[in-house]
>>> print(open('protein16.cif').read())   # mmCIF, N, CA and C atoms
data_start
#
loop_
_atom_site.group_PDB
_atom_site.id
_atom_site.type_symbol
_atom_site.label_atom_id
_atom_site.label_comp_id
_atom_site.auth_asym_id
_atom_site.auth_seq_id
_atom_site.Cartn_x
_atom_site.Cartn_y
_atom_site.Cartn_z
ATOM 1 N N MET M 1 -2.117 -6.849 13.723
ATOM 2 C CA MET M 1 -1.704 -6.424 12.396
ATOM 3 C C MET M 1 -0.253 -5.949 12.449
ATOM 4 N N LYS M 2 0.515 -6.414 11.489
ATOM 5 C CA LYS M 2 1.904 -5.972 11.393
ATOM 6 C C LYS M 2 1.944 -4.530 10.898
ATOM 7 N N THR M 3 2.954 -3.806 11.349
ATOM 8 C CA THR M 3 3.144 -2.438 10.877
ATOM 9 C C THR M 3 4.600 -2.236 10.475
ATOM 10 N N THR M 4 4.803 -1.221 9.661
ATOM 11 C CA THR M 4 6.139 -0.793 9.275
ATOM 12 C C THR M 4 6.110 0.718 9.164
ATOM 13 N N THR M 5 7.256 1.326 9.043
ATOM 14 C CA THR M 5 7.319 2.780 8.889
ATOM 15 C C THR M 5 7.673 3.122 7.446
ATOM 16 N N VAL M 6 7.449 4.367 7.102
ATOM 17 C CA VAL M 6 7.822 4.860 5.776
ATOM 18 C C VAL M 6 9.325 4.664 5.562
ATOM 19 N N LYS M 7 10.115 5.012 6.550
ATOM 20 C CA LYS M 7 11.575 4.895 6.434
ATOM 21 C C LYS M 7 11.990 3.445 6.196
ATOM 22 N N GLU M 8 11.374 2.501 6.914
ATOM 23 C CA GLU M 8 11.721 1.091 6.725
ATOM 24 C C GLU M 8 11.413 0.636 5.303
ATOM 25 N N VAL M 9 10.277 1.055 4.759
ATOM 26 C CA VAL M 9 9.926 0.692 3.386
ATOM 27 C C VAL M 9 10.909 1.329 2.411
ATOM 28 N N GLU M 10 11.233 2.603 2.615
ATOM 29 C CA GLU M 10 12.208 3.274 1.748
ATOM 30 C C GLU M 10 13.543 2.536 1.772
ATOM 31 N N GLN M 11 13.994 2.148 2.958
ATOM 32 C CA GLN M 11 15.275 1.455 3.084
ATOM 33 C C GLN M 11 15.243 0.086 2.412
ATOM 34 N N GLN M 12 14.147 -0.641 2.578
ATOM 35 C CA GLN M 12 14.033 -1.960 1.949
ATOM 36 C C GLN M 12 14.069 -1.838 0.435
ATOM 37 N N LEU M 13 13.320 -0.891 -0.120
ATOM 38 C CA LEU M 13 13.312 -0.704 -1.572
ATOM 39 C C LEU M 13 14.683 -0.287 -2.075
ATOM 40 N N ALA M 14 15.359 0.604 -1.346
ATOM 41 C CA ALA M 14 16.702 1.049 -1.738
ATOM 42 C C ALA M 14 17.691 -0.112 -1.721
ATOM 43 N N ALA M 15 17.460 -1.097 -0.847
ATOM 44 C CA ALA M 15 18.335 -2.269 -0.752
ATOM 45 C C ALA M 15 17.968 -3.346 -1.765
ATOM 46 N N GLY M 16 16.953 -3.077 -2.581
ATOM 47 C CA GLY M 16 16.567 -4.028 -3.615
ATOM 48 C C GLY M 16 15.582 -5.091 -3.186
ATOM 49 N N VAL M 17 14.982 -4.933 -2.000
ATOM 50 C CA VAL M 17 13.979 -5.890 -1.541
ATOM 51 C C VAL M 17 12.720 -5.722 -2.384
ATOM 52 N N ASN M 18 12.169 -6.828 -2.860
ATOM 53 C CA ASN M 18 10.954 -6.796 -3.670
ATOM 54 C C ASN M 18 9.746 -6.795 -2.739
ATOM 55 N N LEU M 19 9.052 -5.668 -2.662
ATOM 56 C CA LEU M 19 7.868 -5.541 -1.819
ATOM 57 C C LEU M 19 6.623 -5.448 -2.687
ATOM 58 N N ASN M 20 5.554 -6.077 -2.237
ATOM 59 C CA ASN M 20 4.256 -5.949 -2.891
ATOM 60 C C ASN M 20 3.509 -4.825 -2.177
ATOM 61 N N ILE M 21 3.473 -3.665 -2.806
ATOM 62 C CA ILE M 21 2.884 -2.484 -2.189
ATOM 63 C C ILE M 21 1.558 -2.173 -2.865
ATOM 64 N N ILE M 22 0.522 -1.992 -2.051
ATOM 65 C CA ILE M 22 -0.787 -1.611 -2.572
ATOM 66 C C ILE M 22 -1.101 -0.211 -2.078
ATOM 67 N N ASP M 23 -1.323 0.697 -3.016
ATOM 68 C CA ASP M 23 -1.656 2.090 -2.733
ATOM 69 C C ASP M 23 -3.174 2.230 -2.825
ATOM 70 N N VAL M 24 -3.823 2.588 -1.716
ATOM 71 C CA VAL M 24 -5.284 2.648 -1.690
ATOM 72 C C VAL M 24 -5.827 4.074 -1.833
ATOM 73 N N ARG M 25 -4.960 5.012 -2.251
ATOM 74 C CA ARG M 25 -5.425 6.385 -2.457
ATOM 75 C C ARG M 25 -6.297 6.479 -3.700
ATOM 76 N N GLU M 26 -6.981 7.598 -3.833
ATOM 77 C CA GLU M 26 -7.798 7.860 -5.014
ATOM 78 C C GLU M 26 -6.901 8.255 -6.187
ATOM 79 N N ALA M 27 -7.435 8.134 -7.395
ATOM 80 C CA ALA M 27 -6.651 8.376 -8.614
ATOM 81 C C ALA M 27 -6.035 9.770 -8.646
ATOM 82 N N ASP M 28 -6.760 10.797 -8.206
ATOM 83 C CA ASP M 28 -6.209 12.151 -8.234
ATOM 84 C C ASP M 28 -5.033 12.299 -7.271
ATOM 85 N N GLU M 29 -5.022 11.541 -6.183
ATOM 86 C CA GLU M 29 -3.901 11.574 -5.247
ATOM 87 C C GLU M 29 -2.676 10.868 -5.840
ATOM 88 N N VAL M 30 -2.913 9.768 -6.533
ATOM 89 C CA VAL M 30 -1.823 8.997 -7.130
ATOM 90 C C VAL M 30 -1.121 9.812 -8.214
ATOM 91 N N LYS M 31 -1.858 10.690 -8.891
ATOM 92 C CA LYS M 31 -1.255 11.547 -9.920
ATOM 93 C C LYS M 31 -0.169 12.451 -9.352
ATOM 94 N N GLU M 32 -0.213 12.707 -8.038
ATOM 95 C CA GLU M 32 0.783 13.549 -7.376
ATOM 96 C C GLU M 32 2.086 12.795 -7.135
ATOM 97 N N GLY M 33 2.092 11.496 -7.433
ATOM 98 C CA GLY M 33 3.278 10.674 -7.274
ATOM 99 C C GLY M 33 2.967 9.425 -6.486
ATOM 100 N N LYS M 34 3.598 8.319 -6.912
ATOM 101 C CA LYS M 34 3.383 7.044 -6.234
ATOM 102 C C LYS M 34 4.709 6.306 -6.126
ATOM 103 N N ILE M 35 4.738 5.338 -5.238
ATOM 104 C CA ILE M 35 5.922 4.520 -5.075
ATOM 105 C C ILE M 35 6.098 3.679 -6.344
ATOM 106 N N PRO M 36 7.275 3.698 -6.937
ATOM 107 C CA PRO M 36 7.484 2.897 -8.148
ATOM 108 C C PRO M 36 7.115 1.430 -7.905
ATOM 109 N N SER M 37 6.479 0.840 -8.843
ATOM 110 C CA SER M 37 6.060 -0.567 -8.868
ATOM 111 C C SER M 37 4.927 -0.918 -7.922
ATOM 112 N N ASP M 38 4.310 0.076 -7.271
ATOM 113 C CA ASP M 38 3.179 -0.286 -6.419
ATOM 114 C C ASP M 38 1.950 -0.597 -7.258
ATOM 115 N N ILE M 39 0.981 -1.213 -6.625
ATOM 116 C CA ILE M 39 -0.292 -1.547 -7.265
ATOM 117 C C ILE M 39 -1.311 -0.538 -6.758
ATOM 118 N N HIS M 40 -2.009 0.125 -7.660
ATOM 119 C CA HIS M 40 -3.024 1.093 -7.237
ATOM 120 C C HIS M 40 -4.399 0.434 -7.220
ATOM 121 N N ILE M 41 -4.968 0.328 -6.020
ATOM 122 C CA ILE M 41 -6.344 -0.160 -5.848
ATOM 123 C C ILE M 41 -7.018 0.790 -4.867
ATOM 124 N N PRO M 42 -7.835 1.720 -5.338
ATOM 125 C CA PRO M 42 -8.498 2.648 -4.419
ATOM 126 C C PRO M 42 -9.255 1.881 -3.323
ATOM 127 N N LEU M 43 -9.285 2.449 -2.132
ATOM 128 C CA LEU M 43 -9.899 1.783 -0.989
ATOM 129 C C LEU M 43 -11.285 1.227 -1.305
ATOM 130 N N GLY M 44 -12.100 1.998 -1.983
ATOM 131 C CA GLY M 44 -13.458 1.565 -2.298
ATOM 132 C C GLY M 44 -13.539 0.363 -3.221
ATOM 133 N N LEU M 45 -12.430 0.005 -3.870
ATOM 134 C CA LEU M 45 -12.422 -1.128 -4.795
ATOM 135 C C LEU M 45 -11.686 -2.349 -4.255
ATOM 136 N N VAL M 46 -11.068 -2.228 -3.073
ATOM 137 C CA VAL M 46 -10.263 -3.323 -2.537
ATOM 138 C C VAL M 46 -11.077 -4.611 -2.440
ATOM 139 N N GLU M 47 -12.277 -4.546 -1.873
ATOM 140 C CA GLU M 47 -13.061 -5.777 -1.709
ATOM 141 C C GLU M 47 -13.455 -6.399 -3.050
ATOM 142 N N PHE M 48 -13.557 -5.597 -4.100
ATOM 143 C CA PHE M 48 -13.945 -6.101 -5.409
ATOM 144 C C PHE M 48 -12.756 -6.587 -6.235
ATOM 145 N N ARG M 49 -11.539 -6.198 -5.828
ATOM 146 C CA ARG M 49 -10.361 -6.585 -6.596
ATOM 147 C C ARG M 49 -9.426 -7.521 -5.838
ATOM 148 N N MET M 50 -9.826 -7.950 -4.646
ATOM 149 C CA MET M 50 -8.931 -8.811 -3.870
ATOM 150 C C MET M 50 -8.675 -10.143 -4.561
ATOM 151 N N HIS M 51 -9.545 -10.531 -5.502
ATOM 152 C CA HIS M 51 -9.323 -11.768 -6.256
ATOM 153 C C HIS M 51 -8.061 -11.667 -7.134
ATOM 154 N N GLU M 52 -7.580 -10.450 -7.372
ATOM 155 C CA GLU M 52 -6.369 -10.241 -8.169
ATOM 156 C C GLU M 52 -5.099 -10.478 -7.345
ATOM 157 N N LEU M 53 -5.254 -10.597 -6.036
ATOM 158 C CA LEU M 53 -4.106 -10.727 -5.136
ATOM 159 C C LEU M 53 -3.859 -12.183 -4.778
ATOM 160 N N ASP M 54 -2.639 -12.476 -4.366
ATOM 161 C CA ASP M 54 -2.208 -13.832 -4.046
ATOM 162 C C ASP M 54 -2.074 -13.973 -2.528
ATOM 163 N N LYS M 55 -2.822 -14.888 -1.940
ATOM 164 C CA LYS M 55 -2.768 -15.079 -0.488
ATOM 165 C C LYS M 55 -1.436 -15.651 -0.023
ATOM 166 N N ASN M 56 -0.594 -16.085 -0.936
ATOM 167 C CA ASN M 56 0.730 -16.577 -0.575
ATOM 168 C C ASN M 56 1.772 -15.460 -0.535
ATOM 169 N N GLN M 57 1.357 -14.250 -0.877
ATOM 170 C CA GLN M 57 2.249 -13.086 -0.864
ATOM 171 C C GLN M 57 1.908 -12.189 0.322
ATOM 172 N N GLU M 58 2.859 -11.358 0.706
ATOM 173 C CA GLU M 58 2.619 -10.367 1.757
ATOM 174 C C GLU M 58 2.511 -9.009 1.086
ATOM 175 N N TYR M 59 1.588 -8.175 1.555
ATOM 176 C CA TYR M 59 1.336 -6.879 0.942
ATOM 177 C C TYR M 59 1.540 -5.749 1.945
ATOM 178 N N VAL M 60 2.199 -4.682 1.499
ATOM 179 C CA VAL M 60 2.367 -3.476 2.296
ATOM 180 C C VAL M 60 1.297 -2.501 1.831
ATOM 181 N N MET M 61 0.472 -2.049 2.763
ATOM 182 C CA MET M 61 -0.638 -1.156 2.439
ATOM 183 C C MET M 61 -0.225 0.295 2.667
ATOM 184 N N VAL M 62 -0.556 1.165 1.677
ATOM 185 C CA VAL M 62 -0.130 2.560 1.688
ATOM 186 C C VAL M 62 -1.306 3.465 1.347
ATOM 187 N N CYS M 63 -1.379 4.632 2.012
ATOM 188 C CA CYS M 63 -2.325 5.685 1.613
ATOM 189 C C CYS M 63 -1.651 7.035 1.843
ATOM 190 N N ARG M 64 -2.406 8.092 1.892
ATOM 191 C CA ARG M 64 -1.834 9.431 2.030
ATOM 192 C C ARG M 64 -1.279 9.679 3.434
ATOM 193 N N SER M 65 -2.088 9.395 4.463
ATOM 194 C CA SER M 65 -1.666 9.725 5.825
ATOM 195 C C SER M 65 -1.549 8.517 6.751
ATOM 196 N N GLY M 66 -2.047 7.374 6.320
ATOM 197 C CA GLY M 66 -1.945 6.183 7.152
ATOM 198 C C GLY M 66 -3.259 5.696 7.728
ATOM 199 N N ASN M 67 -4.372 6.322 7.377
ATOM 200 C CA ASN M 67 -5.671 5.894 7.898
ATOM 201 C C ASN M 67 -6.369 4.881 6.997
ATOM 202 N N ARG M 68 -6.519 5.226 5.741
ATOM 203 C CA ARG M 68 -7.223 4.327 4.809
ATOM 204 C C ARG M 68 -6.502 3.002 4.632
ATOM 205 N N ASN M 69 -5.180 3.032 4.653
ATOM 206 C CA ASN M 69 -4.464 1.771 4.494
ATOM 207 C C ASN M 69 -4.743 0.835 5.662
ATOM 208 N N GLY M 70 -4.999 1.373 6.843
ATOM 209 C CA GLY M 70 -5.369 0.539 7.980
ATOM 210 C C GLY M 70 -6.695 -0.156 7.748
ATOM 211 N N LEU M 71 -7.653 0.564 7.164
ATOM 212 C CA LEU M 71 -8.953 -0.033 6.835
ATOM 213 C C LEU M 71 -8.785 -1.145 5.805
ATOM 214 N N ALA M 72 -8.010 -0.864 4.770
ATOM 215 C CA ALA M 72 -7.773 -1.867 3.723
ATOM 216 C C ALA M 72 -7.038 -3.075 4.291
ATOM 217 N N ALA M 73 -6.065 -2.827 5.160
ATOM 218 C CA ALA M 73 -5.297 -3.923 5.757
ATOM 219 C C ALA M 73 -6.205 -4.825 6.585
ATOM 220 N N ARG M 74 -7.084 -4.243 7.377
ATOM 221 C CA ARG M 74 -8.006 -5.051 8.188
ATOM 222 C C ARG M 74 -8.950 -5.860 7.299
ATOM 223 N N LEU M 75 -9.424 -5.260 6.212
ATOM 224 C CA LEU M 75 -10.306 -5.961 5.289
ATOM 225 C C LEU M 75 -9.591 -7.166 4.683
ATOM 226 N N LEU M 76 -8.394 -6.956 4.166
ATOM 227 C CA LEU M 76 -7.654 -8.053 3.544
ATOM 228 C C LEU M 76 -7.229 -9.102 4.565
ATOM 229 N N GLU M 77 -6.803 -8.656 5.721
ATOM 230 C CA GLU M 77 -6.397 -9.587 6.773
ATOM 231 C C GLU M 77 -7.578 -10.482 7.173
ATOM 232 N N GLY M 78 -8.763 -9.908 7.228
ATOM 233 C CA GLY M 78 -9.964 -10.664 7.546
ATOM 234 C C GLY M 78 -10.319 -11.703 6.498
ATOM 235 N N GLN M 79 -9.757 -11.539 5.303
ATOM 236 C CA GLN M 79 -10.004 -12.484 4.208
ATOM 237 C C GLN M 79 -8.831 -13.450 4.026
ATOM 238 N N GLY M 80 -7.910 -13.445 4.990
ATOM 239 C CA GLY M 80 -6.813 -14.403 4.959
ATOM 240 C C GLY M 80 -5.532 -13.944 4.291
ATOM 241 N N PHE M 81 -5.433 -12.662 3.963
ATOM 242 C CA PHE M 81 -4.224 -12.135 3.340
ATOM 243 C C PHE M 81 -3.224 -11.721 4.413
ATOM 244 N N SER M 82 -1.940 -11.794 4.073
ATOM 245 C CA SER M 82 -0.871 -11.331 4.947
ATOM 246 C C SER M 82 -0.566 -9.892 4.569
ATOM 247 N N VAL M 83 -0.771 -8.965 5.503
ATOM 248 C CA VAL M 83 -0.602 -7.544 5.203
ATOM 249 C C VAL M 83 0.248 -6.849 6.260
ATOM 250 N N ILE M 84 0.883 -5.784 5.819
ATOM 251 C CA ILE M 84 1.651 -4.909 6.703
ATOM 252 C C ILE M 84 1.130 -3.495 6.473
ATOM 253 N N ASN M 85 0.798 -2.805 7.532
ATOM 254 C CA ASN M 85 0.281 -1.455 7.437
ATOM 255 C C ASN M 85 1.441 -0.467 7.548
ATOM 256 N N MET M 86 1.649 0.360 6.500
ATOM 257 C CA MET M 86 2.715 1.359 6.544
ATOM 258 C C MET M 86 2.210 2.588 7.276
ATOM 259 N N LEU M 87 2.796 2.850 8.431
ATOM 260 C CA LEU M 87 2.408 3.988 9.251
ATOM 261 C C LEU M 87 2.947 5.278 8.654
ATOM 262 N N GLY M 88 2.152 6.318 8.675
ATOM 263 C CA GLY M 88 2.607 7.626 8.205
ATOM 264 C C GLY M 88 2.150 7.995 6.817
ATOM 265 N N GLY M 89 2.104 7.057 5.914
ATOM 266 C CA GLY M 89 1.590 7.316 4.580
ATOM 267 C C GLY M 89 2.503 8.140 3.685
ATOM 268 N N MET M 90 1.980 8.439 2.503
ATOM 269 C CA MET M 90 2.753 9.124 1.464
ATOM 270 C C MET M 90 3.105 10.564 1.839
ATOM 271 N N MET M 91 2.409 11.137 2.809
ATOM 272 C CA MET M 91 2.761 12.491 3.252
ATOM 273 C C MET M 91 4.192 12.529 3.782
ATOM 274 N N ASN M 92 4.686 11.390 4.261
ATOM 275 C CA ASN M 92 6.028 11.313 4.839
ATOM 276 C C ASN M 92 7.049 10.647 3.912
ATOM 277 N N TRP M 93 6.621 10.270 2.722
ATOM 278 C CA TRP M 93 7.492 9.554 1.787
ATOM 279 C C TRP M 93 8.553 10.494 1.227
ATOM 280 N N GLU M 94 9.819 10.085 1.299
ATOM 281 C CA GLU M 94 10.920 10.869 0.761
ATOM 282 C C GLU M 94 11.676 10.131 -0.334
ATOM 283 N N GLY M 95 11.246 8.905 -0.620
ATOM 284 C CA GLY M 95 11.897 8.091 -1.632
ATOM 285 C C GLY M 95 11.485 8.487 -3.039
ATOM 286 N N PRO M 96 11.941 7.722 -4.029
ATOM 287 C CA PRO M 96 11.612 8.034 -5.427
ATOM 288 C C PRO M 96 10.110 7.885 -5.687
ATOM 289 N N LEU M 97 9.659 8.618 -6.692
ATOM 290 C CA LEU M 97 8.246 8.594 -7.071
ATOM 291 C C LEU M 97 8.104 8.370 -8.581
ATOM 292 N N ASP M 98 7.017 7.721 -8.950
ATOM 293 C CA ASP M 98 6.580 7.643 -10.349
ATOM 294 C C ASP M 98 5.379 8.563 -10.492
ATOM 295 N N TYR M 99 5.215 9.129 -11.684
ATOM 296 C CA TYR M 99 4.067 10.002 -11.935
ATOM 297 C C TYR M 99 3.249 9.500 -13.084
#
>>> encode(input="protein16.cif", output="structure tokens")
Amino acid sequence: MKTTTVKEVEQQLAAGVNLNIIDVREADEVKEGKIPSDIHIPLGLVEFRMHELDKNQEYVMVCRSGNRNGLAARLLEGQGFSVINMLGGMMNWEGPLDY
């Protein structure tokens, strides 16, 4: 599984790179702030909503601390999706947030 760091994602977004980011946190966690333009799919719904995703795209998986996104990444990867697991999670995010 590919991995990236919070800093690398922040730098890519700041440079204008278009990333497909999936936030697998729960709704109450997302209310505390999320990466602008990310897609919110709680971990428990990933398997039921993967039909909404494009297997020709690459997705960066995000959660609060970096554990749940690993589970989601393995699930999607097992279904043929290209995923990158963001290590560290939103606890380490210093970039802009949407509320």
>>> residues_near_point(input="protein16.cif", point="(1.4, -3.3, -3.3)", cutoff="12 Å", atoms="only C-alpha atoms", output="VMD selection string")
chain M and resid 9 18 to 25 34 to 42 46 50 52 to 54 57 to 63 69 72 to 73 82 to 86
>>> resolve_selection(input="protein16.cif", expression="the PyMOL selection byres ((chain M and resi 91) around 6.5)", output="NGL selection string")
:M and (63-65 or 88-90 or 92-93)
>>> atom_distance(input="protein16.cif", atom1="atom C of M:Leu97", atom2="atom N of M:Thr4")
20.9 Å
>>> atom_distance(input="protein16.cif", atom1="atom C of M:Gln79", atom2="atom C of M:Ala15")
29.2 Å
>>> atom_distance(input="protein16.cif", atom1="atom CA of M:Val17", atom2="atom CA of M:Gly44")
28.4 Å
>>> closest_residue(input="protein16.cif", among="M:Arg49, M:Arg74, M:Tyr99, M:Val6", to="M:Glu32", atoms="only C-alpha atoms")
M:Tyr99
>>> select_by_dssp(input="protein16.cif", residues="chain M", states="alpha helix (DSSP H)", output="list in words")
Val6, Lys7, Glu8, Val9, Glu10, Gln11, Gln12, Leu13, Ala14, Ala27, Asp28, Glu29, Val30, Val46, Glu47, Phe48, Arg49, Arg68, Asn69, Gly70, Leu71, Ala72, Ala73, Arg74, Leu75, Leu76, Glu77 and Gly78 of chain M
>>> axis_aligned_box(input="protein16.cif", around="stretch 56-59 of chain M", padding_each_side="6 Å", output="AutoDock Vina command-line options")
--center_x 1.1 --center_y -11.2 --center_z 0.5 --size_x 15.5 --size_y 22.8 --size_z 14.9
>>> select_by_dssp(input="protein16.cif", residues="chain M", states="strand (DSSP E)", output="list in words")
Lys2, Thr3, Thr4, Thr5, Asn20, Ile21, Ile22, Asp23, Ile39, His40, Glu58, Tyr59, Val60, Met61, Val62, Ser82, Val83, Ile84, Asn85, Met86 and Leu87 of chain M
>>> closest_residue(input="protein16.cif", among="M:Thr5, M:Gln12, M:Phe81, M:Leu87", to="M:Asn56", atoms="only N, CA and C atoms")
M:Phe81
>>> closest_residue(input="protein16.cif", among="M:Leu43, M:Gly33, M:Asp98, M:Ala14", to="M:Leu71", atoms="only N, CA and C atoms")
M:Leu43
